[in-house]
$ cat run.txt   # compact mmCIF, N, CA, C and O atoms
# COMPACT_ATOMS: atom_id res chain seq x y z
N MET C 1 87.83 58.48 100.65
CA MET C 1 88.13 58.96 99.32
C MET C 1 87.04 58.46 98.36
O MET C 1 86.79 57.27 98.27
N PRO C 2 86.39 59.38 97.64
CA PRO C 2 85.31 58.95 96.73
C PRO C 2 85.86 58.18 95.54
O PRO C 2 87.01 58.34 95.12
N LEU C 3 85.02 57.35 94.99
CA LEU C 3 85.38 56.55 93.83
C LEU C 3 85.29 57.38 92.55
O LEU C 3 84.51 58.32 92.47
N THR C 4 86.06 56.99 91.55
CA THR C 4 85.93 57.62 90.24
C THR C 4 84.67 57.09 89.58
O THR C 4 84.20 55.99 89.92
N PRO C 5 84.10 57.80 88.62
CA PRO C 5 82.92 57.28 87.92
C PRO C 5 83.17 55.92 87.28
O PRO C 5 82.29 55.05 87.28
N GLU C 6 84.38 55.71 86.77
CA GLU C 6 84.71 54.42 86.17
C GLU C 6 84.71 53.30 87.20
O GLU C 6 84.28 52.18 86.93
N SER C 7 85.22 53.61 88.40
CA SER C 7 85.23 52.62 89.48
C SER C 7 83.82 52.27 89.93
O SER C 7 83.52 51.11 90.22
N VAL C 8 82.96 53.27 89.98
CA VAL C 8 81.56 53.02 90.34
C VAL C 8 80.94 52.09 89.30
O VAL C 8 80.26 51.12 89.64
N GLY C 9 81.19 52.38 88.03
CA GLY C 9 80.66 51.55 86.96
C GLY C 9 81.14 50.12 87.05
O GLY C 9 80.38 49.17 86.85
N GLU C 10 82.41 49.94 87.38
CA GLU C 10 82.97 48.59 87.52
C GLU C 10 82.33 47.86 88.70
O GLU C 10 82.04 46.66 88.62
N ARG C 11 82.10 48.58 89.77
CA ARG C 11 81.46 47.94 90.94
C ARG C 11 80.01 47.55 90.62
O ARG C 11 79.53 46.51 91.08
N ILE C 12 79.32 48.39 89.88
CA ILE C 12 77.95 48.04 89.47
C ILE C 12 77.99 46.77 88.63
O ILE C 12 77.21 45.84 88.85
N ARG C 13 78.92 46.71 87.69
CA ARG C 13 79.06 45.53 86.82
C ARG C 13 79.36 44.28 87.65
O ARG C 13 78.74 43.23 87.47
N GLU C 14 80.32 44.39 88.57
CA GLU C 14 80.69 43.24 89.41
C GLU C 14 79.51 42.75 90.24
O GLU C 14 79.28 41.55 90.36
N ALA C 15 78.78 43.69 90.82
CA ALA C 15 77.63 43.31 91.66
C ALA C 15 76.55 42.66 90.82
O ALA C 15 75.93 41.67 91.24
N ARG C 16 76.30 43.19 89.62
CA ARG C 16 75.31 42.60 88.72
C ARG C 16 75.71 41.18 88.34
O ARG C 16 74.90 40.25 88.42
N LEU C 17 76.96 41.01 87.96
CA LEU C 17 77.44 39.68 87.55
C LEU C 17 77.47 38.70 88.71
O LEU C 17 77.28 37.50 88.53
N ALA C 18 77.71 39.19 89.93
CA ALA C 18 77.71 38.32 91.10
C ALA C 18 76.34 37.66 91.29
O ALA C 18 76.25 36.55 91.80
N HIS C 19 75.30 38.35 90.85
CA HIS C 19 73.95 37.78 90.91
C HIS C 19 73.62 36.96 89.67
O HIS C 19 72.58 36.30 89.63
N GLY C 20 74.48 37.05 88.67
CA GLY C 20 74.21 36.34 87.42
C GLY C 20 73.15 37.04 86.59
O GLY C 20 72.49 36.41 85.76
N TRP C 21 72.98 38.34 86.80
CA TRP C 21 71.95 39.09 86.10
C TRP C 21 72.49 39.71 84.83
O TRP C 21 73.64 40.16 84.76
N THR C 22 71.63 39.80 83.84
CA THR C 22 71.94 40.53 82.62
C THR C 22 71.67 42.02 82.86
O THR C 22 71.09 42.39 83.89
N HIS C 23 72.06 42.83 81.88
CA HIS C 23 71.71 44.26 81.95
C HIS C 23 70.19 44.41 82.07
O HIS C 23 69.69 45.24 82.83
N GLU C 24 69.49 43.60 81.29
CA GLU C 24 68.04 43.69 81.26
C GLU C 24 67.42 43.35 82.62
O GLU C 24 66.47 44.00 83.05
N GLU C 25 67.97 42.33 83.28
CA GLU C 25 67.41 41.93 84.59
C GLU C 25 67.60 43.03 85.62
O GLU C 25 66.68 43.36 86.37
N LEU C 26 68.81 43.60 85.68
CA LEU C 26 69.03 44.69 86.64
C LEU C 26 68.15 45.88 86.28
O LEU C 26 67.58 46.52 87.17
N ALA C 27 68.04 46.18 85.00
CA ALA C 27 67.19 47.30 84.56
C ALA C 27 65.74 47.08 84.99
O ALA C 27 65.09 48.00 85.49
N ARG C 28 65.25 45.85 84.84
CA ARG C 28 63.88 45.54 85.25
C ARG C 28 63.69 45.76 86.75
O ARG C 28 62.72 46.36 87.18
N ARG C 29 64.66 45.30 87.53
CA ARG C 29 64.57 45.44 88.98
C ARG C 29 64.69 46.89 89.44
O ARG C 29 64.18 47.26 90.49
N MET C 30 65.39 47.71 88.63
CA MET C 30 65.56 49.13 88.96
C MET C 30 64.51 50.00 88.27
O MET C 30 64.45 51.20 88.50
N ASN C 31 63.70 49.39 87.41
CA ASN C 31 62.68 50.11 86.66
C ASN C 31 63.29 51.19 85.76
O ASN C 31 62.84 52.33 85.74
N VAL C 32 64.36 50.80 85.05
CA VAL C 32 65.01 51.67 84.09
C VAL C 32 65.25 50.89 82.80
O VAL C 32 65.03 49.69 82.75
N ASN C 33 65.73 51.57 81.78
CA ASN C 33 66.06 50.94 80.51
C ASN C 33 67.41 50.24 80.64
O ASN C 33 68.29 50.71 81.33
N TRP C 34 67.59 49.14 79.91
CA TRP C 34 68.86 48.40 79.99
C TRP C 34 70.03 49.26 79.52
O TRP C 34 71.15 49.09 79.97
N ARG C 35 69.76 50.21 78.63
CA ARG C 35 70.83 51.10 78.17
C ARG C 35 71.31 52.01 79.31
O ARG C 35 72.47 52.40 79.35
N THR C 36 70.41 52.30 80.23
CA THR C 36 70.78 53.10 81.40
C THR C 36 71.78 52.33 82.25
O THR C 36 72.78 52.90 82.71
N VAL C 37 71.55 51.05 82.43
CA VAL C 37 72.49 50.21 83.18
C VAL C 37 73.84 50.20 82.47
O VAL C 37 74.88 50.32 83.12
N GLN C 38 73.84 50.09 81.17
CA GLN C 38 75.09 50.12 80.42
C GLN C 38 75.83 51.45 80.63
O GLN C 38 77.04 51.46 80.81
N ARG C 39 75.09 52.55 80.61
CA ARG C 39 75.71 53.87 80.84
C ARG C 39 76.35 53.93 82.22
O ARG C 39 77.46 54.43 82.38
N TRP C 40 75.63 53.42 83.22
CA TRP C 40 76.18 53.42 84.58
C TRP C 40 77.50 52.67 84.60
O TRP C 40 78.47 53.12 85.19
N GLN C 41 77.52 51.51 83.95
CA GLN C 41 78.71 50.67 83.97
C GLN C 41 79.87 51.27 83.17
O GLN C 41 81.02 50.94 83.41
N LYS C 42 79.57 52.14 82.24
CA LYS C 42 80.62 52.76 81.42
C LYS C 42 81.15 54.04 82.04
O LYS C 42 81.88 54.78 81.40
N GLY C 43 80.78 54.33 83.29
CA GLY C 43 81.35 55.47 83.98
C GLY C 43 80.47 56.70 84.05
O GLY C 43 80.95 57.79 84.31
N LYS C 44 79.18 56.52 83.84
CA LYS C 44 78.23 57.62 84.01
C LYS C 44 77.22 57.23 85.08
O LYS C 44 76.07 56.90 84.78
N PRO C 45 77.67 57.23 86.35
CA PRO C 45 76.80 56.73 87.42
C PRO C 45 75.59 57.62 87.66
O PRO C 45 75.60 58.81 87.32
N PRO C 46 74.55 57.05 88.24
CA PRO C 46 73.34 57.81 88.54
C PRO C 46 73.53 58.71 89.77
O PRO C 46 74.59 58.71 90.39
N ARG C 47 72.48 59.41 90.10
CA ARG C 47 72.48 60.26 91.31
C ARG C 47 72.61 59.39 92.56
O ARG C 47 72.36 58.19 92.53
N LEU C 48 72.95 60.05 93.66
CA LEU C 48 73.18 59.36 94.92
C LEU C 48 71.98 58.52 95.35
O LEU C 48 72.13 57.37 95.75
N GLN C 49 70.77 59.08 95.28
CA GLN C 49 69.58 58.33 95.70
C GLN C 49 69.43 57.04 94.89
O GLN C 49 69.08 56.00 95.44
N THR C 50 69.72 57.11 93.60
CA THR C 50 69.62 55.92 92.76
C THR C 50 70.72 54.93 93.11
O THR C 50 70.49 53.71 93.13
N LEU C 51 71.91 55.44 93.42
CA LEU C 51 73.00 54.54 93.84
C LEU C 51 72.64 53.80 95.12
O LEU C 51 72.93 52.62 95.28
N LEU C 52 72.00 54.50 96.05
CA LEU C 52 71.60 53.86 97.31
C LEU C 52 70.54 52.79 97.05
O LEU C 52 70.59 51.70 97.64
N ARG C 53 69.61 53.07 96.17
CA ARG C 53 68.59 52.08 95.81
C ARG C 53 69.24 50.90 95.09
O ARG C 53 68.90 49.74 95.32
N LEU C 54 70.19 51.20 94.23
CA LEU C 54 70.92 50.17 93.50
C LEU C 54 71.65 49.24 94.47
O LEU C 54 71.65 48.02 94.30
N ALA C 55 72.24 49.82 95.51
CA ALA C 55 72.91 49.01 96.53
C ALA C 55 71.92 48.07 97.20
O ALA C 55 72.23 46.89 97.43
N ASP C 56 70.72 48.56 97.50
CA ASP C 56 69.70 47.71 98.11
C ASP C 56 69.29 46.58 97.18
O ASP C 56 69.19 45.42 97.60
N VAL C 57 69.06 46.89 95.92
CA VAL C 57 68.63 45.89 94.94
C VAL C 57 69.71 44.83 94.76
O VAL C 57 69.40 43.64 94.65
N LEU C 58 70.96 45.25 94.75
CA LEU C 58 72.06 44.32 94.53
C LEU C 58 72.57 43.67 95.82
O LEU C 58 73.46 42.81 95.77
N GLY C 59 72.05 44.10 96.96
CA GLY C 59 72.42 43.48 98.23
C GLY C 59 73.84 43.78 98.67
O GLY C 59 74.50 42.91 99.24
N VAL C 60 74.31 44.99 98.39
CA VAL C 60 75.64 45.39 98.82
C VAL C 60 75.50 46.52 99.84
O VAL C 60 74.44 47.16 99.93
N PRO C 61 76.54 46.79 100.63
CA PRO C 61 76.45 47.89 101.59
C PRO C 61 76.15 49.22 100.91
O PRO C 61 76.55 49.44 99.76
N GLN C 62 75.45 50.09 101.61
CA GLN C 62 75.05 51.38 101.06
C GLN C 62 76.23 52.17 100.50
O GLN C 62 76.11 52.82 99.48
N GLY C 63 77.37 52.10 101.13
CA GLY C 63 78.52 52.87 100.69
C GLY C 63 79.35 52.22 99.59
O GLY C 63 80.32 52.80 99.12
N TYR C 64 78.94 51.05 99.13
CA TYR C 64 79.74 50.29 98.17
C TYR C 64 79.98 51.05 96.87
O TYR C 64 81.04 50.93 96.27
N PHE C 65 78.99 51.83 96.42
CA PHE C 65 79.13 52.57 95.18
C PHE C 65 79.58 54.01 95.40
O PHE C 65 79.69 54.78 94.45
N VAL C 66 79.85 54.38 96.65
CA VAL C 66 80.19 55.76 96.97
C VAL C 66 81.58 55.89 97.57
O VAL C 66 82.36 56.75 97.18
N GLU C 67 81.90 55.00 98.51
CA GLU C 67 83.15 55.09 99.25
C GLU C 67 84.24 54.26 98.58
O GLU C 67 84.01 53.13 98.21
N GLY C 68 85.42 54.83 98.49
CA GLY C 68 86.54 54.11 97.93
C GLY C 68 87.42 53.50 99.00
O GLY C 68 88.56 53.14 98.73
N ASP C 69 86.90 53.39 100.20
CA ASP C 69 87.65 52.86 101.32
C ASP C 69 88.11 51.44 101.02
O ASP C 69 87.32 50.56 100.71
N ASP C 70 89.41 51.20 101.10
CA ASP C 70 89.96 49.88 100.81
C ASP C 70 89.55 48.84 101.83
O ASP C 70 89.66 47.64 101.57
N SER C 71 89.10 49.26 103.01
CA SER C 71 88.72 48.28 104.02
C SER C 71 87.37 47.65 103.70
O SER C 71 87.00 46.65 104.28
N LEU C 72 86.63 48.22 102.77
CA LEU C 72 85.34 47.66 102.37
C LEU C 72 85.59 46.40 101.56
O LEU C 72 86.30 46.42 100.57
N ALA C 73 85.03 45.29 102.02
CA ALA C 73 85.26 44.01 101.34
C ALA C 73 84.62 44.01 99.96
O ALA C 73 83.56 44.58 99.75
N THR C 74 85.28 43.38 99.03
CA THR C 74 84.71 43.26 97.69
C THR C 74 83.65 42.18 97.70
O THR C 74 83.59 41.35 98.61
N LEU C 75 82.83 42.18 96.69
CA LEU C 75 81.78 41.17 96.60
C LEU C 75 82.35 39.77 96.55
O LEU C 75 81.81 38.84 97.16
N ASN C 76 83.45 39.59 95.85
CA ASN C 76 84.05 38.26 95.77
C ASN C 76 84.52 37.78 97.13
O ASN C 76 84.34 36.61 97.48
N GLU C 77 85.13 38.66 97.91
CA GLU C 77 85.56 38.28 99.26
C GLU C 77 84.37 37.91 100.11
O GLU C 77 84.41 36.93 100.86
N LEU C 78 83.30 38.68 100.00
CA LEU C 78 82.09 38.39 100.78
C LEU C 78 81.48 37.05 100.35
O LEU C 78 81.04 36.27 101.18
N ARG C 79 81.50 36.78 99.04
CA ARG C 79 80.95 35.52 98.54
C ARG C 79 81.76 34.33 99.06
O ARG C 79 81.20 33.33 99.49
N VAL C 80 83.07 34.46 99.07
CA VAL C 80 83.94 33.39 99.57
C VAL C 80 83.65 33.14 101.05
O VAL C 80 83.51 32.00 101.49
N ARG C 81 83.55 34.22 101.81
CA ARG C 81 83.27 34.06 103.25
C ARG C 81 81.91 33.43 103.48
O ARG C 81 81.75 32.58 104.36
N LEU C 82 80.92 33.83 102.68
CA LEU C 82 79.59 33.26 102.82
C LEU C 82 79.59 31.78 102.47
O LEU C 82 78.98 30.96 103.16
N ASP C 83 80.31 31.41 101.41
CA ASP C 83 80.43 30.00 101.04
C ASP C 83 81.09 29.19 102.14
O ASP C 83 80.67 28.07 102.45
N GLU C 84 82.15 29.75 102.75
CA GLU C 84 82.83 29.06 103.85
C GLU C 84 81.88 28.85 105.03
O GLU C 84 81.85 27.77 105.63
N LEU C 85 81.11 29.88 105.35
CA LEU C 85 80.15 29.75 106.45
C LEU C 85 79.08 28.72 106.13
O LEU C 85 78.69 27.93 107.00
N ALA C 86 78.62 28.69 104.90
CA ALA C 86 77.60 27.71 104.51
C ALA C 86 78.14 26.30 104.64
O ALA C 86 77.43 25.40 105.11
N GLU C 87 79.40 26.09 104.26
CA GLU C 87 80.01 24.77 104.41
C GLU C 87 80.10 24.37 105.88
O GLU C 87 79.85 23.21 106.23
N ARG C 88 80.45 25.32 106.73
CA ARG C 88 80.55 25.02 108.16
C ARG C 88 79.19 24.69 108.74
O ARG C 88 79.06 23.77 109.57
N VAL C 89 78.16 25.41 108.32
CA VAL C 89 76.80 25.13 108.81
C VAL C 89 76.36 23.74 108.34
O VAL C 89 75.77 22.98 109.11
N ASP C 90 76.64 23.41 107.08
CA ASP C 90 76.29 22.08 106.57
C ASP C 90 77.01 20.98 107.36
O ASP C 90 76.40 19.97 107.70
N ALA C 91 78.29 21.18 107.64
CA ALA C 91 79.06 20.19 108.40
C ALA C 91 78.48 20.04 109.81
O ALA C 91 78.34 18.91 110.31
N LEU C 92 78.12 21.13 110.43
CA LEU C 92 77.52 21.09 111.76
C LEU C 92 76.18 20.38 111.72
O LEU C 92 75.87 19.54 112.59
N SER C 93 75.39 20.64 110.71
CA SER C 93 74.10 19.99 110.56
C SER C 93 74.25 18.48 110.39
O SER C 93 73.53 17.70 111.00
N ARG C 94 75.22 18.07 109.58
CA ARG C 94 75.47 16.64 109.40
C ARG C 94 75.93 15.99 110.71
O ARG C 94 75.52 14.89 111.05
N ALA C 95 76.77 16.70 111.46
CA ALA C 95 77.24 16.17 112.73
C ALA C 95 76.09 16.01 113.72
O ALA C 95 76.00 15.01 114.44
N LEU C 96 75.20 16.97 113.74
CA LEU C 96 74.04 16.88 114.63
C LEU C 96 73.11 15.74 114.22
O LEU C 96 72.56 15.04 115.07
N ASP C 97 72.94 15.55 112.92
CA ASP C 97 72.09 14.46 112.45
C ASP C 97 72.68 13.10 112.80
O ASP C 97 71.96 12.12 112.97
N ALA C 98 74.00 13.03 112.89
CA ALA C 98 74.66 11.75 113.19
C ALA C 98 74.59 11.39 114.67
O ALA C 98 74.81 10.23 115.03
N LEU C 99 74.28 12.34 115.53
CA LEU C 99 74.18 12.05 116.96
C LEU C 99 72.99 11.16 117.23
O LEU C 99 71.94 11.30 116.61
N PRO C 100 73.14 10.23 118.18
CA PRO C 100 71.98 9.36 118.51
C PRO C 100 70.87 10.20 119.13
O PRO C 100 71.11 11.12 119.91
N ARG C 101 69.69 9.88 118.75
CA ARG C 101 68.51 10.60 119.27
C ARG C 101 68.10 9.98 120.60
O ARG C 101 68.05 8.75 120.74
N ALA C 102 67.78 10.81 121.57
CA ALA C 102 67.28 10.32 122.87
C ALA C 102 65.82 9.94 122.70
O ALA C 102 65.04 10.68 122.13
N ARG C 103 65.49 8.76 123.17
CA ARG C 103 64.10 8.31 123.09
C ARG C 103 63.38 8.76 124.35
O ARG C 103 63.95 8.72 125.44
N PRO C 104 62.12 9.17 124.20
CA PRO C 104 61.37 9.57 125.40
C PRO C 104 61.27 8.40 126.38
O PRO C 104 61.08 7.25 125.98
N GLY C 105 61.48 8.69 127.63
CA GLY C 105 61.37 7.67 128.67
C GLY C 105 62.65 6.90 128.92
O GLY C 105 62.71 6.06 129.81
N THR C 106 63.70 7.15 128.15
CA THR C 106 64.98 6.47 128.38
C THR C 106 65.85 7.37 129.22
O THR C 106 65.96 8.56 128.95
N PRO C 107 66.47 6.77 130.25
CA PRO C 107 67.34 7.60 131.10
C PRO C 107 68.60 7.99 130.33
O PRO C 107 69.09 7.26 129.48
N ARG C 108 69.09 9.17 130.63
CA ARG C 108 70.33 9.65 130.02
C ARG C 108 71.52 9.07 130.76
O ARG C 108 71.48 8.83 131.94
N ALA C 109 72.59 8.85 130.05
CA ALA C 109 73.79 8.28 130.65
C ALA C 109 74.57 9.33 131.40
O ALA C 109 74.54 10.46 131.20

$ encode --input "run.txt" --output "structure tokens"
Amino acid sequence: MPLTPESVGERIREARLAHGWTHEELARRMNVNWRTVQRWQKGKPPRLQTLLRLADVLGVPQGYFVEGDDSLATLNELRVRLDELAERVDALSRALDALPRARPGTPRA
């Protein structure tokens, strides 16, 4: 089911804010005027090709601004999962650093 123009605008806004970008920053990265970004967010989305490029710039799946599929994870859910994975990697790294290092020439137990 396709998204409404207002929903597309809200998703653009959420993705922009997830990066901590201003309208101006996203506009610079998209090579458009900041007012254009505001129009997109207010429910006047760009053409499909621009939406696909926008998805690439914002690091979201290609269908994020097109598909209204509820199974598509929101940016916040993805951020939470990424944070959880980063914590697990950090914990694993600390655990590996705590292991005794084998010295060359020493027999293993």

$ residues_around --input "run.txt" --residues "stretch 3-16 of chain C" --least-positions-apart "2" --cutoff "5 Å" --atoms "all atoms listed in the file" --output "list in words"
Met1, Ala18, His19, Gly20, Trp21, Trp40, Gln41, Lys42, Gly43, Lys44, Phe65, Val66, Glu67 and Gly68 of chain C

$ residues_around --input "run.txt" --residues "stretch 29-32 of chain C" --least-positions-apart "5" --cutoff "8 Å" --atoms "only N, CA, C and O atoms" --output "ChimeraX atom specification"
/C:22-24,37,50,53-54,57

$ atom_distance --input "run.txt" --atom1 "atom CA of C:Arg28" --atom2 "atom CA of C:Pro2"
27.8 Å

$ atom_distance --input "run.txt" --atom1 "atom CA of C:Glu77" --atom2 "atom CA of C:Asp56"
18.5 Å

$ atom_distance --input "run.txt" --atom1 "atom CA of C:Arg81" --atom2 "atom CA of C:Leu52"
23.7 Å

$ axis_aligned_box --input "run.txt" --around "stretch 10-20 of chain C" --padding-each-side "6 Å" --output "AutoDock Vina command-line options"
--center_x 77.7 --center_y 43.1 --center_z 88.8 --size_x 22.5 --size_y 25.6 --size_z 18.0
